[in-house]
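Working notes for the structure below.
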Amino acid sequence: MKEKPDVLQGTLALMVLKTLDVLGPQHGWGIARRIEQISGDFLAVNQGTLYPLLLRLEHEGSIASEWGVSENNRRARFYRLTAAGRKQLQAEAREWEQNAAIIARFFKVKAGDLT
Amino acid sequence: MKFLRRFLIRLSNFATRQSADQRLQEELVEHLAFQTEENMRTGMSPTEARRQAALKLGAAQAIREQHHAEHSLPFFEHLLFDLRYAVRMLLRSPGFSLIAIATIALGIGATTAIYSVIDATLLHPLPYPHPGELVRIEGDLPGVGAQDINVSVPEWHDLENSGIFQYVALDFFTSWNLTGSAQPTRIAGKGVTPNYFAMLGVGARLGRTFDPGDKTPGISPDVVISDGLWKRAFGADPRILGKAVRVDNDVYHVVGVMPPGFRDPGTTSEERNTELWVAGDFATVPFPPPLRGSRFWIASARLKPGLPLASAQAHIDALVASLKKQYPADYPAQAAWTVRLIPLSETMVGNIRQSLILLFGAVGLVLLISCVNVANLLLARASARGREMAVRQALGAARTRIIRQLLTESLLLFSLGGVTGFAVLFCAQRLLLRLIPESLPRLNDVSISWDVLAFAIAVSVAAGTVFGLAPAWLTSRLDLNTTLRQEGRGSSGSLGRSRLRRALVIGELALSLVLMIAAGLLLRSFWDLFKVPLGFNPSRVMAIETWLPVPNDPKTDMYSTAKQESVLLREVLRRNRTLPGVEETAVGDRAALPLGHIKNDLNMFPLIREGQGGQGSQPPLIATAIVSPEYFHLLGMTLLRGRLFADQDLEATPSIAVINQAAARTYWPGEDPVGKRVRLSADKPDWTTIVGVIADARTESLADADVPQVYLDIYQQRLIKDLAFFLRGEVDPAAISAQVRTQIQAVDPNLPVFHAETLDDVLSSSLSVRRFSMEMVALFAATALLLAGLGIYGTISYVVNEQSREIAIRFALGAQRRDILRMVLRQGLTLAAAGAGLGVAGALIVSHLMAGLLYGVSPVDLTTFAGVTLVLTAVALTASYLPALRAMRLDPIATLHSE
């Protein structure tokens, strides 16, 4: 019932979108493994939390899904980025980079630089 | 956009009850299979690989719930669950549900009914654009005891030039004879300045209203008529514009028809039903010369937009001060002339406001009491459901969740009650409207509208929340261990709960005491007024009015001299005397109609006493009635000294007057007024001699015994146009109107005959608003008493039930039935005493607030207070006696065994 804090939620959503952007259509486990590989422990446990998020992104129209057949001949649900999702990813990535740059600059500043 | 899209999809999923659960299940199975394969590749045993994969996935049930929450709308889903459960709970105890719903329906229905009247009268009194800008301009002369005086034409110009008004309009209210149709009719009409409709901001539905720039001298030939008159007298003729109508023998042309909803902003219901408006300049013939002192005209105005009333009043005060300096002869210092701006809405609602607020307060108390009663019932049920709540909490329900569910139940209960109350009101509205006295302003606009429905819903929801929350809070506050272990003993309520129940009952008793005292005081006032010695005898007296036309052209006036008029009067009186059953007849002007006329300035005349008051002093104003010699005997008014009018007093003989005792006392204290001479007009040189003094009679106001009054002889006066014929005898009220009409129209076929009423009816309708509020408050008080009785009965029954074990032990230890009875009754009495104490304190405040509505009874009337407290105590005792009886008959062995 409890929602994750906004930052985490937003970050995870961004990660999902980026994963789909780089790898093309993926099933849930593929997305989870990819995020785990890149981000370390972020999704180490509770991979399941990904599924409500996928549903939400689908409701919002950023991704779409359909049943397909996986590389090892399993029936799996594949998620892919929609045009709207791609636009959203670009916008959010830009915003994220700006924010990160600002924060990075703040951390670089030492007491001596501010006179 | 994204949020909206997401919400809409969820909403549609919720509505269509689509589930994504199947899909999730399949996805999770795939996910686990992928992960297990991966784990096995790293060298785990199949069992371990599956276990690790499941651990990595997380709690499947939690994921499902989250997924479901994302898929649909959990808030509404829970609401639906709670509602379904609440309906089941209500159906399971139909007795409780019925009583609770009926109680709430009573409270909300009654409150909504009174609200609908207030909505139409107090909240929306003015159907004109920007009603806040409309004011009435009234003056006072406190120095000579004159109030609510009108405005003269020069003063009107001063007001117009003051720069704070958009428009200032004058008007006068009158009746006219409309001739030309089958039967001459008398209609309510108004003479207005041409800017009158512009001031109100209302246009015609057909044609036009008056042109505010119209400068026609005297009275213009244009006339505007009401929608009602257009339909009634002219058959809604679409080509009415330009048609000629005959009003008091003068010819006018219709220029406009007002819209159907339009009402004149008058102070009385008669005035509000004005059907014909005529424009005039108020300064040239036939109007009297525009002198500063001729304050004949009612002034209304529209303030400049955005100007607050207070600063407008400050402007007016400054204007009055400068006028007093400029015209010291017209505004003598001792008269202390002041001018007030009153919001037009207030003058229209007038004295009804206090009564309505009282009623609303009373009905609010009834609502409060019924809500308290239901809260009490909910609390009682809460103790029965203690176990259910404990089990729910033990199974992990959060307290907020339990409160939410209980609140849903009480809201459902209150909404059902509100809907029932509203439905009953809606079905019974025609019946209920008949109870409202006709003198209520804007009675026609009282309806069960959307506003009223919104009010009922808002009240139900607010009451459900407030009075559902406390029981829900207390119910959910449980000590799990004790409650669950108490099984089998029937849980005894928590301390907090029984304390709250007692507090509620005390509150209920206090509130009903307040209501009952208010009702008692009103009842006594009404009774006193009803039984007051009138000083005249209204029984078997009938009054019928007619109106002599006043054409603007004096040449067409058939009744321009007292002689001409007296021929008509004597002939009509002679004919009336021959009617079957008639014993006595008399005639007077409208002011002579006891209690039936509106007090207005036109029958208030300055009383100038010979040899008193030097130059420049302002004479007092006195109520004046003009009557024929038989009037006093017909109404049974007693002569105290001197003589009454006689047949030999004619236009040619010296003018004479009769005064009442109050006038003698006020204006000739310690002297014999008989033989004194007065003048009743500043510009007439002739003196009138006082020839007699009669006993005071309450002809002006039932509540006021000593209003100074002067009577003049109708055969000596000219220009008496508003006539009332009086008949005493065994007449048939249904037939008499037609009989008198035949007689009057045999003399002059152009005279209208209207308003046939017995004086008893006039008397009772003058009390109608008082009677209405008294009856309503009494009804509410009775309801409150009943509810409070039920409340105390319920609480004592509950207490007895709770104490049954204790009572059984007492019996076993040798207590007598008497002791048990005393024990239970004492509890009831304690509650009653606490309630009465609080109630008396509250009633003292309320009775002082309503002092203005009382007559002849003090707000701290001991008899009422003591009597009502006694009644309440008796009811409380009776209500506790029934459970006490049950306690006395308790079988100790059975009780102790069952536990």
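Naming works like this for the structure tokens: A, B, ... for the chains as they're shown, residue 1 at the start of each chain, ligands 1 onward in shown order.
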
Using only C-alpha atoms, I'd like every residue of chain A that has an atom within 8 Å of chain B; please write them out as a ChimeraX atom specification. /A:1,28-29,44-49,51-52,55-56,59-61,74-77

Residues near region 278-287 of chain B, anyone? I mean within 8 Å using only C-alpha atoms, not counting same-chain ones fewer than 6 positions away, as a ChimeraX atom specification. /B:153,189-194,210,215-224,552

Take the selection from the previous step and output its residues with N, CA and C atoms, as a tab-separated table (two decimals), in the first residue's frame.
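File again.tsv, as written:
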chain	number	residue	atom	x	y	z
B	153	VAL	N	-40.26	66.78	-1.68
B	153	VAL	CA	-39.65	66.92	-3.00
B	153	VAL	C	-38.33	67.72	-2.94
B	189	GLY	N	-51.91	50.14	-6.70
B	189	GLY	CA	-51.14	50.88	-7.67
B	189	GLY	C	-50.13	51.77	-7.01
B	190	LYS	N	-49.18	52.21	-7.80
B	190	LYS	CA	-48.15	53.07	-7.25
B	190	LYS	C	-47.91	54.24	-8.18
B	191	GLY	N	-47.77	55.41	-7.60
B	191	GLY	CA	-47.28	56.54	-8.34
B	191	GLY	C	-45.79	56.63	-8.07
B	192	VAL	N	-45.01	56.76	-9.13
B	192	VAL	CA	-43.56	56.73	-8.95
B	192	VAL	C	-42.92	57.84	-9.78
B	193	THR	N	-41.68	58.17	-9.42
B	193	THR	CA	-40.93	59.08	-10.28
B	193	THR	C	-40.46	58.28	-11.49
B	194	PRO	N	-40.20	58.95	-12.65
B	194	PRO	CA	-39.91	58.18	-13.87
B	194	PRO	C	-38.66	57.31	-13.77
B	210	PHE	N	-40.71	53.38	-17.66
B	210	PHE	CA	-40.69	54.84	-17.82
B	210	PHE	C	-39.30	55.32	-18.18
B	215	LYS	N	-39.89	64.51	-18.35
B	215	LYS	CA	-40.12	65.71	-17.54
B	215	LYS	C	-41.58	66.16	-17.62
B	216	THR	N	-42.50	65.23	-17.96
B	216	THR	CA	-43.91	65.60	-18.08
B	216	THR	C	-44.40	66.20	-16.76
B	217	PRO	N	-45.02	67.40	-16.80
B	217	PRO	CA	-45.53	67.98	-15.55
B	217	PRO	C	-46.72	67.17	-15.04
B	218	GLY	N	-46.88	67.13	-13.73
B	218	GLY	CA	-48.00	66.39	-13.14
B	218	GLY	C	-47.82	64.91	-13.35
B	219	ILE	N	-48.91	64.27	-13.81
B	219	ILE	CA	-48.86	62.84	-14.02
B	219	ILE	C	-48.80	62.55	-15.51
B	220	SER	N	-47.86	61.70	-15.91
B	220	SER	CA	-47.72	61.40	-17.33
B	220	SER	C	-48.79	60.41	-17.74
B	221	PRO	N	-49.19	60.39	-19.01
B	221	PRO	CA	-50.28	59.50	-19.43
B	221	PRO	C	-49.84	58.06	-19.63
B	222	ASP	N	-48.57	57.76	-19.31
B	222	ASP	CA	-48.09	56.39	-19.50
B	222	ASP	C	-48.41	55.55	-18.28
B	223	VAL	N	-48.64	54.26	-18.51
B	223	VAL	CA	-48.85	53.36	-17.39
B	223	VAL	C	-48.15	52.05	-17.68
B	224	VAL	N	-47.52	51.49	-16.65
B	224	VAL	CA	-46.87	50.18	-16.76
B	224	VAL	C	-47.70	49.22	-15.91
B	552	ASN	N	-57.37	63.00	-12.06
B	552	ASN	CA	-56.45	64.13	-12.07
B	552	ASN	C	-57.13	65.41	-12.55

Please run DSSP on the backbone and report, as an MDAnalysis selection string, all residues within region 1-109 of chain A that come out as helix (DSSP H, G or I). chainID A and resid 6:23 28:43 47:60 83:108

Val22 (chain A) environment, 12 Å, only C-alpha atoms, sequence neighbours closer than 6 positions dropped, as an mmCIF file with C-alpha atoms, in the first residue's frame:
data_model
loop_
_atom_site.group_PDB
_atom_site.id
_atom_site.type_symbol
_atom_site.label_atom_id
_atom_site.label_comp_id
_atom_site.auth_asym_id
_atom_site.auth_seq_id
_atom_site.Cartn_x
_atom_site.Cartn_y
_atom_site.Cartn_z
ATOM 1 C CA MET A 15 15.913 3.692 -15.393
ATOM 2 C CA VAL A 16 13.163 1.556 -16.920
ATOM 3 C CA ILE A 31 14.542 -5.032 -17.350
ATOM 4 C CA ARG A 34 19.632 -4.955 -16.584
ATOM 5 C CA ILE A 35 18.917 -2.398 -13.838
ATOM 6 C CA ARG A 80 8.599 -1.309 -25.431
ATOM 7 C CA LEU A 81 9.057 2.419 -25.419
ATOM 8 C CA ARG A 86 10.855 8.479 -25.812
ATOM 9 C CA LEU A 89 12.822 10.117 -21.513
#
